[in-house]
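Undergrad: Below you will find the structure I want to go over with you.
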Amino acid sequence: MAREDESQDLRRQIADNERLIGKLNQELAKRSDDVRIIQQISSEITSTLDLDRILEIVLRAMEKTLGFQHSMILLASPSADRLTLVASRGYDQAGLGAEIEFGQGVIGVVASRKKLMRLGNVGASLSYLMAVRAKMEEAGQLVPGAMPPTLPGLPNVHSQLGIPLLVKDRLIGVLGVESAKPNAFDELDEVLLNIVANQAATAIDNARTYRMVEQLSRLKRFFSPQLAELIVAGGTDDPLRTHRREVTVVFLDLRGFTAFAETADPEEVMGVLRQYHAEMGKLILEHEGTLERFTGDGMMIFFNDPMPIPDPAERAIRMAVAMRERVKPLGAGWRKRGYDLDFGVGIAKGYATIGAIGFEGRWDYGAIGTVTNLAARLCGEARGGQILVSLRVAAEVEDLIEGEEVGPLPLKGFAKPVPACNVLGLRGTREG
Amino acid sequence: MGMLPDEIKPAMEGVIPSHVVTCSRDGTPNVTTISQVYYVDPDHVALSYQFFNKTVKNIRENPHALASVISPETLEGWDLEIEYERSETSGPVFDAMDMRIEAIASITGMKGIFKLKAADIYRVKSVRKNVDERMPLAEMDG
């Protein structure tokens with residue numbers, strides 16, 4: 001009988017060993033799979049400079065290949081004190097734009113410490129701490145502080161894993177995964193996510209830099225280089241976010257330009273425009289105006305947005321007068337070549353709605369309001385050499401200018417005729 | 001060496017509360033429920049020291065203690081004979097524990113109130129898996 005027992009033991013041991021080998025082989029295969037998957041993710045995200053695409057690739061990989069159902073990416077603010085949620089996957093509400101302060105919750109602490117953190121007992125910890133808090137409040141030991149606002153994520157979260165996205169030692173943001181199950185993540189998950197996070201950090205950083213450079217060159221079309229840089233660096237409010245502001249609007253164009261463009265050679269037309277734009281552009285920059293748009297010979301400039309400035313009306317007047325002066329010799333030259341082109345300006349002041357106008361892929365900075373219509377119509381009514389301003393503007397700069405009453409002018413879009421003032425020149429420098 | 005097997009790690013994530021038994025110098029035992037026994041390495045665990053209490057008092061008089069942890073996956077329990085070695089107020093173990101406490105405290109409005117004073121480091125002297133006595137014991141200590 002003893003020998004039967006022995007061989008039974010032996011058979012059981014062999015079976016156990018075979019099971020163990022099978023399990024080890026499975027783990028090995030899974031690890032090779034994981035490595036291959038990681039390699040693929042890496043090559044995908046480093047092959048594009050499109051930030052949104054990179055974020056999408058990373059989170060899709062979180063779900064499809066690594067099995068994390070709920071994930072999010074947050075990017076650090078330039079001030080390095082809070083994070084903004086820029087991409088999420090696996091949530092009912094995307095939560096884009098939600099902010100987390102450094103030091104708040106798992107994500108916030110991962111950011112402030114720049115270290116990975118894995119918690120498998122969030123639910124239990126919260127219950128425990130709330131009980132401690134209640135006890136302390138009861139015993140009068142704690143001045144009940146306000147509960148901080150709910151952070152984005154699963155409402156019934158039990159496991160969280162947060163990884164800092166670092167380039168060298170600089171924090172770009174945080175990658176987080178969550179689960180409604182306790183202890184959902186283990187050390188292997190940490191290793192895998194670490195590898196993805198390193199690649200993602202570099203890719204995101206490059207994409208962001210690229211996007212900033214793009215944004216900078218786009219903004220430089222409207223704003224001075226210094227202002228463009230300030231906007232991109234986050235130094236002023238995003239001018240493309242819709243807002244209302246009181247602005248002084250200047251419309252100018254060349255009388256006779258349409259007829260000229262129809263009859264002259266295209267090269268001549270371009271030549272005139274180039275000269276004209278160059279001179280006008282210099283003056284706009286000098287007076288710190290914002291060129292909102294130009295269409296051929298017409299230009300719209302305003303003052304007091306995106307940067308508020310003192311005396312916008314005065315600046316507008318000074319700029320218009322300087323422009324008229326600059327155009328005079330140009331006009332003489334053009335007349336010699338047989339082109340009858342003359343300069344006219346309209347200026348008005350009032351509230352406008354300003355922000356991004358356009359569509360996905362082509363957003364431009366623009367202003368809309370009665371004030372822009374008024375300035376445009378005044379420009380339309382201005383004869384060659386006239387700078388027509390609304391009475392409101394005239395009143396503001398009455399000490400500065402020599403003016404003459406004009407109108408009231410019937411203007412399209414305005415119920416009653418509008419009185420205006422023609423600026424003959426600046427006091428003390430009266431032009432002929 | 002290596003007292004703690006890998007399979008005990010899920011029991012040390014604080015999902016199911018653990019128990020710690022200590023004893024004062026004069027022989028008075030004390031049991032307390034704690035949220036987590038932290039895994040440090042195969043031969044060490046850590047307990048968080050946040051408030052001064054009987055456990056902290058006892059351990060400084062008598063370093064021997066017993067920790068009982070339960071795995072949330074299998075509901076199996078382990079008893080660990082542990083001995084207090086030292087308290088750390090800095091370093092990787094302290095930082096890791098401190099981070100976790102800070103994260104939870106911050107979302108319950110307890111920032112600054114619920115704080116880690118020190119990480120108490122214990123050496124693991126023995127580990128015993130609690131299984132049904134009728135089946136052969138799977139012994140893990142040497």
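Numbering starts fresh at 1 for the residues of each chain in the structure tokens, the chains themselves are lettered A, B, ... in the order given, and ligands are numbered from 1 as they appear.
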As number ranges by chain, could you give me every residue of chain A near chain B (at most 10 Å apart, counting only C-alpha atoms)?

TA: A: 103-110, 112-113, 115-130, 132-133, 142, 144-151, 158-159, 182-186

Undergrad: If you run DSSP on the backbone, which residues of range 63-260 of chain A are strand (DSSP E or B), as number ranges by chain?

TA: A: 70-76, 82-89, 99-101, 117-119, 159-167, 170-179, 243-255

Undergrad: Okay, now the selection with C-alpha atoms, as a CSV table (one decimal), in the first residue's frame?

TA:
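Printed below is selection.csv as written:
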```csv
chain,number,residue,atom,x,y,z
A,70,HIS,CA,-11.5,54.7,-16.9
A,71,SER,CA,-8.6,57.0,-17.6
A,72,MET,CA,-7.8,60.7,-17.8
A,73,ILE,CA,-5.0,63.0,-18.7
A,74,LEU,CA,-4.5,66.4,-17.1
A,75,LEU,CA,-2.0,69.0,-18.0
A,76,ALA,CA,-0.2,71.4,-15.6
A,82,ARG,CA,-3.1,73.3,-10.8
A,83,LEU,CA,-4.0,70.8,-13.5
A,84,THR,CA,-6.6,71.0,-16.2
A,85,LEU,CA,-8.4,67.9,-17.5
A,86,VAL,CA,-7.8,67.7,-21.3
A,87,ALA,CA,-8.8,64.1,-22.2
A,88,SER,CA,-10.8,61.4,-20.6
A,89,ARG,CA,-12.2,58.0,-21.5
A,99,GLU,CA,-9.4,71.8,-12.7
A,100,ILE,CA,-7.6,70.1,-9.9
A,101,GLU,CA,-5.3,72.0,-7.6
A,117,MET,CA,0.9,56.7,-6.4
A,118,ARG,CA,-1.4,53.7,-6.3
A,119,LEU,CA,-4.3,53.4,-4.0
A,159,SER,CA,-8.8,52.2,-6.9
A,160,GLN,CA,-6.7,55.0,-8.4
A,161,LEU,CA,-3.3,55.0,-10.0
A,162,GLY,CA,-1.7,58.3,-10.8
A,163,ILE,CA,1.5,58.8,-12.7
A,164,PRO,CA,3.3,62.1,-13.2
A,165,LEU,CA,4.2,63.0,-16.8
A,166,LEU,CA,7.7,64.3,-16.6
A,167,VAL,CA,10.2,65.6,-19.1
A,170,ARG,CA,9.6,69.2,-15.4
A,171,LEU,CA,6.0,68.2,-14.7
A,172,ILE,CA,3.9,68.3,-17.9
A,173,GLY,CA,0.8,66.7,-16.3
A,174,VAL,CA,-0.7,63.6,-14.8
A,175,LEU,CA,-2.0,60.4,-16.3
A,176,GLY,CA,-4.6,58.7,-14.1
A,177,VAL,CA,-6.6,55.5,-14.2
A,178,GLU,CA,-9.4,54.5,-11.9
A,179,SER,CA,-11.6,51.6,-11.0
A,243,HIS,CA,-16.1,88.6,-24.0
A,244,ARG,CA,-17.7,92.1,-24.1
A,245,ARG,CA,-15.6,95.2,-24.0
A,246,GLU,CA,-15.8,98.9,-24.7
A,247,VAL,CA,-13.6,99.5,-27.7
A,248,THR,CA,-12.8,102.3,-30.1
A,249,VAL,CA,-13.1,101.1,-33.7
A,250,VAL,CA,-11.4,102.6,-36.7
A,251,PHE,CA,-12.4,101.7,-40.2
A,252,LEU,CA,-10.4,103.0,-43.1
A,253,ASP,CA,-10.3,102.5,-46.8
A,254,LEU,CA,-9.3,104.0,-50.2
A,255,ARG,CA,-12.0,105.7,-52.2
```

Undergrad: Find the distance between CA of Pro42 in chain B and CA of Met3 in chain B and write it in Å to one decimal.

TA: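 Between CA of Pro42 in chain B and CA of Met3 in chain B the gap works out to 5.5 Å.
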
Undergrad: Near Ser87 in chain B, counting only C-alpha atoms, which residues have an atom at most 12 Å away, once you skip same-chain residues fewer than 6 positions from it, shown as a CSV table (one decimal) with C-alpha atoms, in the first residue's frame?

TA:
```csv
chain,number,residue,atom,x,y,z
B,45,VAL,CA,6.1,46.2,7.4
B,46,ALA,CA,5.1,49.6,8.6
B,47,LEU,CA,2.3,51.1,10.6
B,48,SER,CA,1.4,54.8,10.3
B,49,TYR,CA,1.8,56.9,13.4
B,50,GLN,CA,-0.7,59.7,13.3
B,56,VAL,CA,2.0,53.7,20.1
B,59,ILE,CA,5.1,49.6,21.3
B,60,ARG,CA,7.6,51.9,22.8
B,63,PRO,CA,8.3,46.2,20.8
B,93,VAL,CA,8.7,54.6,3.1
B,94,PHE,CA,7.6,57.7,4.9
B,116,LEU,CA,1.6,61.3,9.2
B,117,LYS,CA,3.8,61.9,12.2
B,118,ALA,CA,6.1,59.0,11.5
B,119,ALA,CA,6.3,55.6,9.8
B,120,ASP,CA,6.9,53.0,12.4
B,121,ILE,CA,9.0,50.2,10.9
B,122,TYR,CA,8.7,46.6,12.1
```

Undergrad: Identify, with DSSP run on backbone atoms, the residues in range 67-140 of chain B assigned to helix (DSSP H, G or I), and express the list as a PDB file with N, CA and C atoms, in the first residue's frame.

TA:
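As written to disk, part_29.pdb reads:
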```pdb
ATOM      1  N   PRO B  92      11.948  57.115   1.650  1.00  0.00           N
ATOM      2  CA  PRO B  92      10.957  56.600   0.693  1.00  0.00           C
ATOM      3  C   PRO B  92       9.721  55.981   1.338  1.00  0.00           C
ATOM      4  N   VAL B  93       9.894  55.266   2.440  1.00  0.00           N
ATOM      5  CA  VAL B  93       8.723  54.643   3.073  1.00  0.00           C
ATOM      6  C   VAL B  93       7.813  55.720   3.649  1.00  0.00           C
ATOM      7  N   PHE B  94       8.401  56.635   4.393  1.00  0.00           N
ATOM      8  CA  PHE B  94       7.623  57.747   4.949  1.00  0.00           C
ATOM      9  C   PHE B  94       6.929  58.527   3.827  1.00  0.00           C
ATOM     10  N   ASP B  95       7.667  58.858   2.756  1.00  0.00           N
ATOM     11  CA  ASP B  95       7.095  59.638   1.658  1.00  0.00           C
ATOM     12  C   ASP B  95       5.908  58.937   1.027  1.00  0.00           C
ATOM     13  N   ALA B  96       6.069  57.626   0.784  1.00  0.00           N
ATOM     14  CA  ALA B  96       4.982  56.889   0.132  1.00  0.00           C
ATOM     15  C   ALA B  96       3.737  56.897   1.011  1.00  0.00           C
ATOM     16  N   MET B  97       3.914  56.661   2.307  1.00  0.00           N
ATOM     17  CA  MET B  97       2.766  56.665   3.211  1.00  0.00           C
ATOM     18  C   MET B  97       2.181  58.071   3.344  1.00  0.00           C
ATOM     19  N   ASP B  98       3.070  59.044   3.420  1.00  0.00           N
ATOM     20  CA  ASP B  98       2.640  60.429   3.578  1.00  0.00           C
ATOM     21  C   ASP B  98       1.797  60.894   2.399  1.00  0.00           C
ATOM     22  N   MET B  99       2.222  60.498   1.201  1.00  0.00           N
ATOM     23  CA  MET B  99       1.488  60.867  -0.016  1.00  0.00           C
ATOM     24  C   MET B  99       0.061  60.345   0.037  1.00  0.00           C
ATOM     25  N   ARG B 100      -0.080  59.067   0.429  1.00  0.00           N
ATOM     26  CA  ARG B 100      -1.399  58.452   0.445  1.00  0.00           C
ATOM     27  C   ARG B 100      -2.302  59.145   1.451  1.00  0.00           C
ATOM     28  N   ILE B 101      -1.745  59.414   2.620  1.00  0.00           N
ATOM     29  CA  ILE B 101      -2.540  60.085   3.650  1.00  0.00           C
ATOM     30  C   ILE B 101      -2.910  61.489   3.205  1.00  0.00           C
ATOM     31  N   GLU B 102      -1.975  62.183   2.581  1.00  0.00           N
ATOM     32  CA  GLU B 102      -2.262  63.537   2.111  1.00  0.00           C
ATOM     33  C   GLU B 102      -3.391  63.523   1.084  1.00  0.00           C
ATOM     34  N   ALA B 103      -3.347  62.545   0.167  1.00  0.00           N
ATOM     35  CA  ALA B 103      -4.361  62.489  -0.886  1.00  0.00           C
ATOM     36  C   ALA B 103      -5.756  62.326  -0.286  1.00  0.00           C
ATOM     37  N   ILE B 104      -5.905  61.374   0.634  1.00  0.00           N
ATOM     38  CA  ILE B 104      -7.225  61.121   1.226  1.00  0.00           C
ATOM     39  C   ILE B 104      -7.640  62.264   2.130  1.00  0.00           C
ATOM     40  N   ALA B 105      -6.700  62.796   2.908  1.00  0.00           N
ATOM     41  CA  ALA B 105      -7.049  63.907   3.801  1.00  0.00           C
ATOM     42  C   ALA B 105      -7.535  65.105   3.001  1.00  0.00           C
ATOM     43  N   SER B 106      -6.903  65.328   1.842  1.00  0.00           N
ATOM     44  CA  SER B 106      -7.241  66.530   1.079  1.00  0.00           C
ATOM     45  C   SER B 106      -8.663  66.499   0.554  1.00  0.00           C
TER      46      SER B 106
END
```

Undergrad: Which one of B:Arg86, B:Arg25, B:Lys125, B:Lys115 sits closest to Lys54 in chain B if you count only C-alpha atoms?

TA: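 When distances to Lys54 in chain B are compared using only C-alpha atoms, the smallest one comes from B:Arg25.
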
Undergrad: Write out as a ChimeraX atom specification each polymer residue whose atoms come within 8 Å of Lys412 in chain A, counting only C-alpha atoms; drop sequence neighbours fewer than 2 positions from it.

TA: /A:377,410,414

Undergrad: Selection from above, C-alpha atoms, as a compact mmCIF listing (two decimals), in the first residue's frame, can you write it?

TA:
```txt
# COMPACT_ATOMS: atom_id res chain seq x y z
CA ARG A 377 -20.78 103.31 -42.16
CA PRO A 410 -28.44 108.79 -42.99
CA PHE A 414 -29.44 103.17 -38.20
```

Undergrad: Excluding Thr290 in chain A and any residue of its chain fewer than 5 positions from it, enumerate the residues within 10 Å of it, using only C-alpha atoms, and give them as a list in words.

TA: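 Returned residues: Arg221, Phe222, Phe223, Ser224, Val249, Val250, Ile284, Leu285, Met300, Ile301, Phe302, Phe303, Asn304, Asp305, Pro306 and Met307 of chain A.
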
Undergrad: Residues within 10 Å of range 394-397 of chain A, please, as a ChimeraX atom specification. Count only C-alpha atoms; anything in the same chain fewer than 2 positions from it doesn't count.

TA: /A:311,313-315,317,347-348,388-392,399-405,420-423,426

Undergrad: Quick one: write out the picked residues with C-alpha atoms as a PDB file, in the first residue's frame?

TA:
```pdb
ATOM      1  CA  ASP A 311      -7.046 106.867 -23.775  1.00  0.00           C
ATOM      2  CA  ALA A 313     -10.109 107.364 -28.317  1.00  0.00           C
ATOM      3  CA  GLU A 314      -7.140 109.679 -28.312  1.00  0.00           C
ATOM      4  CA  ARG A 315      -4.880 106.989 -29.713  1.00  0.00           C
ATOM      5  CA  ILE A 317      -7.524 109.852 -33.483  1.00  0.00           C
ATOM      6  CA  ILE A 347     -14.228 106.109 -35.887  1.00  0.00           C
ATOM      7  CA  ALA A 348     -16.765 105.109 -33.241  1.00  0.00           C
ATOM      8  CA  LEU A 388     -15.473 111.068 -39.559  1.00  0.00           C
ATOM      9  CA  VAL A 389     -15.973 110.359 -35.882  1.00  0.00           C
ATOM     10  CA  SER A 390     -19.117 109.813 -33.828  1.00  0.00           C
ATOM     11  CA  LEU A 391     -20.122 112.681 -31.531  1.00  0.00           C
ATOM     12  CA  ARG A 392     -19.247 110.542 -28.566  1.00  0.00           C
ATOM     13  CA  ASP A 399      -9.460 119.393 -26.547  1.00  0.00           C
ATOM     14  CA  LEU A 400      -7.205 117.496 -28.867  1.00  0.00           C
ATOM     15  CA  ILE A 401      -8.749 118.163 -32.239  1.00  0.00           C
ATOM     16  CA  GLU A 402      -9.952 120.811 -34.620  1.00  0.00           C
ATOM     17  CA  GLY A 403     -13.203 119.508 -36.031  1.00  0.00           C
ATOM     18  CA  GLU A 404     -16.231 120.499 -38.058  1.00  0.00           C
ATOM     19  CA  GLU A 405     -19.782 119.267 -37.713  1.00  0.00           C
ATOM     20  CA  ALA A 420     -20.786 113.211 -36.910  1.00  0.00           C
ATOM     21  CA  CYS A 421     -17.641 115.278 -36.782  1.00  0.00           C
ATOM     22  CA  ASN A 422     -14.866 115.541 -39.349  1.00  0.00           C
ATOM     23  CA  VAL A 423     -11.429 115.786 -37.794  1.00  0.00           C
ATOM     24  CA  LEU A 426      -4.812 118.082 -34.224  1.00  0.00           C
TER      25      LEU A 426
END
```

Undergrad: Using only C-alpha atoms, which protein or nucleic acid residues come within 6 Å of Gly366 in chain A? Drop anything in the same chain fewer than 3 positions from it, and give the result as a VMD selection string.

TA: chain A and resid 354 to 355 357

Undergrad: Determine the nearest neighbour of Val69 in chain B from the options B:Gly91, B:Lys129, B:Thr55, B:Thr28, counting only C-alpha atoms.

TA: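 Closest residue, counting only C-alpha atoms: B:Lys129.
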
Undergrad: CA of Thr33 in chain B and CA of His19 in chain B are how many Å apart?

TA: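 Pair CA of Thr33 in chain B / CA of His19 in chain B returns 4.5 Å.
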